[in-house]
Amino acid sequence: MVILKSMHEIESIRKACQVVAECHRTIAPLIKPGITTNEIERIFEEIMRKHGARPYQKGYKGYPYATCASANDVIAHGFPSNKPLEEGDIVTIDTVAELDGWLGDSAWSYAVGQISPTAEKLMRVTKECLDLGIEQALPGNRLGDVTSVIQRHAESHGFGVVRDLLAHGIGRNLHEEPTYMHVGKPGKGPRIKEGMVFTIEPMITEGTYLMTIDSDGWTARTLDHKLAAQYEHTIAITAEGPQILTAQ
């Protein structure tokens with residue numbers, strides 16, 4: 001069942017989302033060759049604690065970190081480590097903050113130094129997929145209107161759209177209804193209604209959309225070991241259209 005939120009509840013969710021946005025704003029200029037994802041992990045957790053928020057991912061279903069740090073062929077749920085990022089890497093940092101019982105969720109891909117033209121195109125197209133999806137998140141539309149434009153745009157550039165990891169509703173719980181893949185047909189799927197709060201988080205791959213899970217039980221990696229990128233916002237549906245709660 002989709003839980004519709006009041007404007008007051010949406011504003012509470014926005015506060016949690018803005019803690020996450022500050023994390024991303026802070027880290028963006030710091031991501032350079034030599035930084036480790038454990039350093040990024042520490043910075044994110046410090047910012048959350050400063051605002052009285054809790055890193056919700058830490059301990060969620062046994063996940064041990066405040067962030068997911070997914071580099072190169074890792075699609076999602078990569079563990080932070082002490083391995084320095086290298087020139088040419090791309091890395092996606094995903095995190096969830098809990099503030100006063102409400103959750104905010106956002107992932108962002110970052111270039112490490114100079115990256116290849118392929119990596120640059122993949123990141124650009126993935127961000128465009130997010131933006132195009134948000135434009136379709138209008139009251140009265142259907143989720144298929146969001147997902148189909150994402151799929152069409154990614155595939156028109158020869159990229160894949162991950163099916164096995166889902167976007168989701170969010171509020172007091174991390175995974176509320178609706179849960180959905182970023183592929184579909186226009187005019188299909190659940191109706192988008194005022195008061196819905198959910199993520200749009202396309203995971204786009206350089207090659208196949210198929211994936212494997214590492215032996216740690218978490219790290220999702222492209223089957224062909226080609227690159228993956230992801231951009232994610234938490235949005236709220238209002239009478240005026242979608243509001244990006246995690247806007248940076």
# chains A, B, ... in the order shown; residues from 1 in each chain; ligands from 1
$ select_by_dssp --residues "range 95-177 of chain A" --states "strand (DSSP E or B)" --output "list in words"
Thr95, Val96, Ala97, Glu98, Leu99, Trp102, Leu103, Gly104, Asp105, Ser106, Ala107, Trp108, Ser109, Tyr110, Ala111, Arg142, Gly160, Val161, Ala167, His168, Gly169, Glu176 and Glu177 of chain A
$ residues_around --residues "Gly195 in chain A" --least-positions-apart "6" --cutoff "8 Å" --atoms "only C-alpha atoms" --output "PyMOL selection string"
chain A and resi 4-7+10+236-238
$ write_last_selection --atoms "N, CA and C atoms" --output "compact mmCIF listing (two decimals), in the first residue's frame"
# COMPACT_ATOMS: atom_id res chain seq x y z
N LEU A 4 0.47 7.91 1.46
CA LEU A 4 0.51 9.31 1.03
C LEU A 4 0.88 10.19 2.22
N LYS A 5 1.71 11.20 1.97
CA LYS A 5 2.20 12.07 3.03
C LYS A 5 1.53 13.44 2.95
N SER A 6 1.30 14.03 4.12
CA SER A 6 0.81 15.41 4.19
C SER A 6 1.97 16.36 3.88
N MET A 7 1.64 17.62 3.65
CA MET A 7 2.70 18.61 3.40
C MET A 7 3.60 18.75 4.61
N ILE A 10 5.93 15.84 4.47
CA ILE A 10 6.91 16.05 3.39
C ILE A 10 8.00 17.02 3.85
N ALA A 236 9.03 14.39 -3.86
CA ALA A 236 7.66 14.42 -3.36
C ALA A 236 6.75 14.90 -4.47
N ILE A 237 5.58 14.31 -4.57
CA ILE A 237 4.60 14.69 -5.59
C ILE A 237 3.62 15.68 -4.97
N THR A 238 3.56 16.87 -5.53
CA THR A 238 2.64 17.91 -5.07
C THR A 238 1.72 18.30 -6.22
$ select_by_dssp --residues "range 52-117 of chain A" --states "helix (DSSP H, G or I)" --output "list of chain:residue names"
A:Tyr60, A:Lys61, A:Gly62, A:Pro117
$ write_last_selection --atoms "C-alpha atoms" --output "PDB file, in the first residue's frame"
ATOM      1  CA  TYR A  60      20.243  -1.972   8.122  1.00  0.00           C
ATOM      2  CA  LYS A  61      19.750  -5.694   7.414  1.00  0.00           C
ATOM      3  CA  GLY A  62      23.318  -6.140   8.620  1.00  0.00           C
ATOM      4  CA  PRO A 117      35.153   9.789 -22.813  1.00  0.00           C
TER       5      PRO A 117
END
$ residues_around --residues "range 36-45 of chain A" --least-positions-apart "3" --cutoff "12 Å" --atoms "only C-alpha atoms" --output "PyMOL selection string"
chain A and resi 19-33+48-58+64-71+78-86+89-98+110+112
$ residues_around --residues "range 130-139 of chain A" --least-positions-apart "5" --cutoff "6 Å" --atoms "only C-alpha atoms" --output "ChimeraX atom specification"
/A:146,150,192-194,241-242
$ residues_around --residues "Gly189 in chain A" --least-positions-apart "6" --cutoff "12 Å" --atoms "only C-alpha atoms" --output "short mmCIF file (atom, residue, chain, number, x, y, z; two decimals) with C-alpha atoms, in the first residue's frame"
data_model
loop_
_atom_site.label_atom_id
_atom_site.label_comp_id
_atom_site.auth_asym_id
_atom_site.auth_seq_id
_atom_site.Cartn_x
_atom_site.Cartn_y
_atom_site.Cartn_z
CA GLY A 140 -2.08 11.72 -12.88
CA ASN A 141 0.81 10.16 -14.79
CA ARG A 142 1.81 6.56 -14.24
CA LEU A 143 5.14 5.14 -13.10
CA GLY A 144 5.57 3.72 -16.59
CA ASP A 145 5.80 7.28 -17.87
CA VAL A 146 8.81 7.79 -15.59
CA THR A 147 10.50 4.46 -16.27
CA SER A 148 9.93 4.34 -20.02
CA PRO A 178 5.82 1.67 -4.79
CA THR A 179 8.87 -0.43 -5.62
CA TYR A 180 9.75 -0.49 -9.30
CA MET A 181 12.36 -1.09 -11.99
CA HIS A 182 13.56 1.77 -14.21
CA VAL A 183 12.14 0.13 -17.33
#
$ residues_around --residues "range 206-212 of chain A" --least-positions-apart "3" --cutoff "9 Å" --atoms "only C-alpha atoms" --output "number ranges by chain"
A: 75, 118-119, 122, 158-164, 203, 219-229
$ atom_distance --atom1 "CA of Ala167 in chain A" --atom2 "CA of Gly88 in chain A"
28.1 Å
$ closest_residue --among "A:Gln230, A:Asp73, A:Lys188, A:Leu166" --to "Arg124 in chain A" --atoms "only C-alpha atoms"
A:Gln230
$ closest_residue --among "A:Gly171, A:Gly184, A:Gly113, A:Gly217" --to "Gly101 in chain A" --atoms "only C-alpha atoms"
A:Gly171
$ closest_residue --among "A:Gly34, A:Gly187, A:Pro202, A:Gly169" --to "Gly104 in chain A" --atoms "only C-alpha atoms"
A:Gly169
